[in-house]
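Chemist: The structure under discussion is supplied below as structure tokens; questions concerning it will follow.
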Amino acid sequence: MRRFGETLENLERVVAARKDDPSARSYTSRLLAGGVPAIGGKVKEEAGELVEAAARESDDRVISEAADLVYHMLVLLACRGVELRRVEDELARRFGISGLDEKAARRTGAAPDTPATVATPSRPSTDGASS
């Protein structure tokens with residue numbers, strides 16, 4: 001049985017390998033060659049498809065579209081040289097902070113009040129998440 005996050009780590013490694021050693025037969029390599037404009041266009045497209053699926057389609061379609069979006073997000077991060085770990089670290093930093101407080105702090109440039117003990121879950125929960 002695989003542990004949570006294992007597939008994302010493996011996919012991130014494959015995307016990085018395609019960046020380092022492009023292949024003409026690789027969709028990932030083609031996206032990376034197009035840079036942020038090409039990858040960003042796909043991220044926007046997949047985000048829209050996810051929202052549409054969530055509004056009108058089955059859970060299986062929602063899961064499929066979410067997977068497409070996550071894949072394209074990983075390619076975009078790789079294009080910028082940003083590791084998924086840094087995104088996870090940012091989510092951990094925000095965990096336990098009110099989303100409203102965190103967003104207000106971004107507007108003012110001030111740091112939000114941080115709880116004395118902030119849990120670092122293996123995956124974000126809806127309690128205290130700042131989205």
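Naming scheme: A, B, ... for chains in displayed order of the structure tokens; residues 1 onward per chain; ligands 1 onward as shown.
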Find the residues around stretch 43-55 of chain A up to 10 Å (only C-alpha atoms counted), leave out those fewer than 4 positions away in its own chain, and share them as a list in words.

Modeler: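 Counting only C-alpha atoms, the residues come to Val36, Pro37, Ala38, Ile39, Asp59, Asp60, Arg61, Val62, Ile63, Ser64, Glu65, Ala66, Ala67, Asp68, Leu69, Val70, Tyr71, His72, Met73, Leu74, Val75 and Leu76 of chain A.
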
Chemist: Output the selection as a compact mmCIF listing (two decimals), in the first residue's frame - C-alpha atoms for each residue.

Modeler:
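Okay, out-v2.txt is ready:
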```txt
# COMPACT_ATOMS: atom_id res chain seq x y z
CA VAL A 36 4.99 29.56 -18.28
CA PRO A 37 2.68 30.81 -21.08
CA ALA A 38 1.96 27.28 -22.35
CA ILE A 39 1.81 25.62 -18.95
CA ASP A 59 -17.30 12.45 -8.38
CA ASP A 60 -15.16 10.35 -10.73
CA ARG A 61 -15.02 13.26 -13.22
CA VAL A 62 -14.18 15.69 -10.42
CA ILE A 63 -11.33 13.42 -9.32
CA SER A 64 -10.07 13.09 -12.88
CA GLU A 65 -10.11 16.84 -13.46
CA ALA A 66 -8.45 17.46 -10.09
CA ALA A 67 -5.68 15.04 -11.07
CA ASP A 68 -5.21 16.91 -14.37
CA LEU A 69 -4.92 20.20 -12.50
CA VAL A 70 -2.41 18.83 -9.98
CA TYR A 71 -0.27 17.37 -12.76
CA HIS A 72 -0.18 20.68 -14.65
CA MET A 73 0.55 22.55 -11.40
CA LEU A 74 3.55 20.26 -10.84
CA VAL A 75 4.80 21.00 -14.35
CA LEU A 76 4.40 24.74 -13.73
```

Chemist: Taking only chain A into account, list the residues labelled alpha helix (DSSP H) by DSSP (computed from the backbone), as a PDB file with C-alpha atoms, in the first residue's frame.

Modeler:
```pdb
ATOM      1  CA  GLU A   6       4.082   9.019  -2.608  1.00  0.00           C
ATOM      2  CA  THR A   7       2.554   9.362  -6.067  1.00  0.00           C
ATOM      3  CA  LEU A   8       3.017  13.145  -6.022  1.00  0.00           C
ATOM      4  CA  GLU A   9       6.680  12.706  -5.096  1.00  0.00           C
ATOM      5  CA  ASN A  10       7.179  10.183  -7.894  1.00  0.00           C
ATOM      6  CA  LEU A  11       5.406  12.414 -10.408  1.00  0.00           C
ATOM      7  CA  GLU A  12       7.496  15.394  -9.323  1.00  0.00           C
ATOM      8  CA  ARG A  13      10.670  13.348  -9.957  1.00  0.00           C
ATOM      9  CA  VAL A  14       9.458  12.339 -13.432  1.00  0.00           C
ATOM     10  CA  VAL A  15       8.608  15.943 -14.327  1.00  0.00           C
ATOM     11  CA  ALA A  16      12.050  17.082 -13.114  1.00  0.00           C
ATOM     12  CA  ALA A  17      13.672  14.351 -15.218  1.00  0.00           C
ATOM     13  CA  ARG A  18      11.769  15.570 -18.298  1.00  0.00           C
ATOM     14  CA  LYS A  19      12.993  19.079 -17.590  1.00  0.00           C
ATOM     15  CA  ASP A  20      16.599  17.902 -17.287  1.00  0.00           C
ATOM     16  CA  TYR A  27       3.931  15.658 -23.358  1.00  0.00           C
ATOM     17  CA  THR A  28       5.613  16.976 -20.220  1.00  0.00           C
ATOM     18  CA  SER A  29       8.730  17.958 -22.197  1.00  0.00           C
ATOM     19  CA  ARG A  30       6.580  19.792 -24.736  1.00  0.00           C
ATOM     20  CA  LEU A  31       4.793  21.705 -21.991  1.00  0.00           C
ATOM     21  CA  LEU A  32       8.093  22.636 -20.338  1.00  0.00           C
ATOM     22  CA  ALA A  33       9.468  23.831 -23.684  1.00  0.00           C
ATOM     23  CA  GLY A  34       6.496  26.202 -23.959  1.00  0.00           C
ATOM     24  CA  GLY A  35       7.362  27.790 -20.629  1.00  0.00           C
ATOM     25  CA  VAL A  36       4.988  29.560 -18.281  1.00  0.00           C
ATOM     26  CA  PRO A  37       2.679  30.808 -21.075  1.00  0.00           C
ATOM     27  CA  ALA A  38       1.959  27.284 -22.352  1.00  0.00           C
ATOM     28  CA  ILE A  39       1.807  25.619 -18.955  1.00  0.00           C
ATOM     29  CA  GLY A  40      -0.170  28.484 -17.448  1.00  0.00           C
ATOM     30  CA  GLY A  41      -2.739  28.168 -20.206  1.00  0.00           C
ATOM     31  CA  LYS A  42      -3.173  24.493 -19.359  1.00  0.00           C
ATOM     32  CA  VAL A  43      -3.445  25.249 -15.626  1.00  0.00           C
ATOM     33  CA  LYS A  44      -6.220  27.762 -16.348  1.00  0.00           C
ATOM     34  CA  GLU A  45      -7.976  25.314 -18.674  1.00  0.00           C
ATOM     35  CA  GLU A  46      -7.795  22.456 -16.173  1.00  0.00           C
ATOM     36  CA  ALA A  47      -8.963  24.666 -13.290  1.00  0.00           C
ATOM     37  CA  GLY A  48     -12.013  25.655 -15.324  1.00  0.00           C
ATOM     38  CA  GLU A  49     -12.722  22.031 -16.199  1.00  0.00           C
ATOM     39  CA  LEU A  50     -12.491  21.079 -12.516  1.00  0.00           C
ATOM     40  CA  VAL A  51     -14.999  23.762 -11.552  1.00  0.00           C
ATOM     41  CA  GLU A  52     -17.345  22.678 -14.333  1.00  0.00           C
ATOM     42  CA  ALA A  53     -17.085  19.036 -13.276  1.00  0.00           C
ATOM     43  CA  ALA A  54     -17.731  19.957  -9.643  1.00  0.00           C
ATOM     44  CA  ALA A  55     -20.893  21.794 -10.627  1.00  0.00           C
ATOM     45  CA  ARG A  56     -22.348  19.256 -13.047  1.00  0.00           C
ATOM     46  CA  ASP A  59     -17.298  12.450  -8.378  1.00  0.00           C
ATOM     47  CA  ASP A  60     -15.162  10.351 -10.731  1.00  0.00           C
ATOM     48  CA  ARG A  61     -15.022  13.264 -13.221  1.00  0.00           C
ATOM     49  CA  VAL A  62     -14.179  15.691 -10.417  1.00  0.00           C
ATOM     50  CA  ILE A  63     -11.329  13.416  -9.315  1.00  0.00           C
ATOM     51  CA  SER A  64     -10.075  13.087 -12.884  1.00  0.00           C
ATOM     52  CA  GLU A  65     -10.105  16.841 -13.463  1.00  0.00           C
ATOM     53  CA  ALA A  66      -8.452  17.463 -10.086  1.00  0.00           C
ATOM     54  CA  ALA A  67      -5.680  15.037 -11.070  1.00  0.00           C
ATOM     55  CA  ASP A  68      -5.209  16.906 -14.371  1.00  0.00           C
ATOM     56  CA  LEU A  69      -4.923  20.203 -12.501  1.00  0.00           C
ATOM     57  CA  VAL A  70      -2.414  18.830  -9.975  1.00  0.00           C
ATOM     58  CA  TYR A  71      -0.270  17.373 -12.761  1.00  0.00           C
ATOM     59  CA  HIS A  72      -0.185  20.680 -14.652  1.00  0.00           C
ATOM     60  CA  MET A  73       0.547  22.545 -11.396  1.00  0.00           C
ATOM     61  CA  LEU A  74       3.555  20.258 -10.836  1.00  0.00           C
ATOM     62  CA  VAL A  75       4.797  20.996 -14.350  1.00  0.00           C
ATOM     63  CA  LEU A  76       4.403  24.745 -13.730  1.00  0.00           C
ATOM     64  CA  LEU A  77       6.305  24.506 -10.451  1.00  0.00           C
ATOM     65  CA  ALA A  78       9.077  22.527 -12.159  1.00  0.00           C
ATOM     66  CA  CYS A  79       9.274  25.120 -14.911  1.00  0.00           C
ATOM     67  CA  ARG A  80       9.927  27.731 -12.226  1.00  0.00           C
ATOM     68  CA  LEU A  84       6.371  20.830  -4.169  1.00  0.00           C
ATOM     69  CA  ARG A  85       7.890  20.668  -0.681  1.00  0.00           C
ATOM     70  CA  ARG A  86       7.912  24.483  -0.621  1.00  0.00           C
ATOM     71  CA  VAL A  87       4.183  24.550  -1.354  1.00  0.00           C
ATOM     72  CA  GLU A  88       3.630  22.021   1.414  1.00  0.00           C
ATOM     73  CA  ASP A  89       5.734  24.167   3.769  1.00  0.00           C
ATOM     74  CA  GLU A  90       3.580  27.185   2.950  1.00  0.00           C
ATOM     75  CA  LEU A  91       0.402  25.219   3.642  1.00  0.00           C
ATOM     76  CA  ALA A  92       1.891  24.053   6.948  1.00  0.00           C
ATOM     77  CA  ARG A  93       2.735  27.659   7.824  1.00  0.00           C
ATOM     78  CA  ARG A  94      -0.870  28.672   7.183  1.00  0.00           C
ATOM     79  CA  GLY A  99      -8.001  32.150   6.285  1.00  0.00           C
ATOM     80  CA  LEU A 100      -9.525  35.590   6.745  1.00  0.00           C
ATOM     81  CA  ASP A 101      -6.634  36.699   8.996  1.00  0.00           C
ATOM     82  CA  GLU A 102      -4.053  35.280   6.583  1.00  0.00           C
ATOM     83  CA  LYS A 103      -5.609  37.045   3.588  1.00  0.00           C
ATOM     84  CA  ALA A 104      -5.878  40.329   5.496  1.00  0.00           C
ATOM     85  CA  ALA A 105      -2.214  40.060   6.477  1.00  0.00           C
ATOM     86  CA  ARG A 106      -1.241  39.603   2.817  1.00  0.00           C
ATOM     87  CA  ARG A 107      -3.050  42.843   1.954  1.00  0.00           C
ATOM     88  CA  THR A 108      -1.400  44.814   4.756  1.00  0.00           C
TER      89      THR A 108
END
```
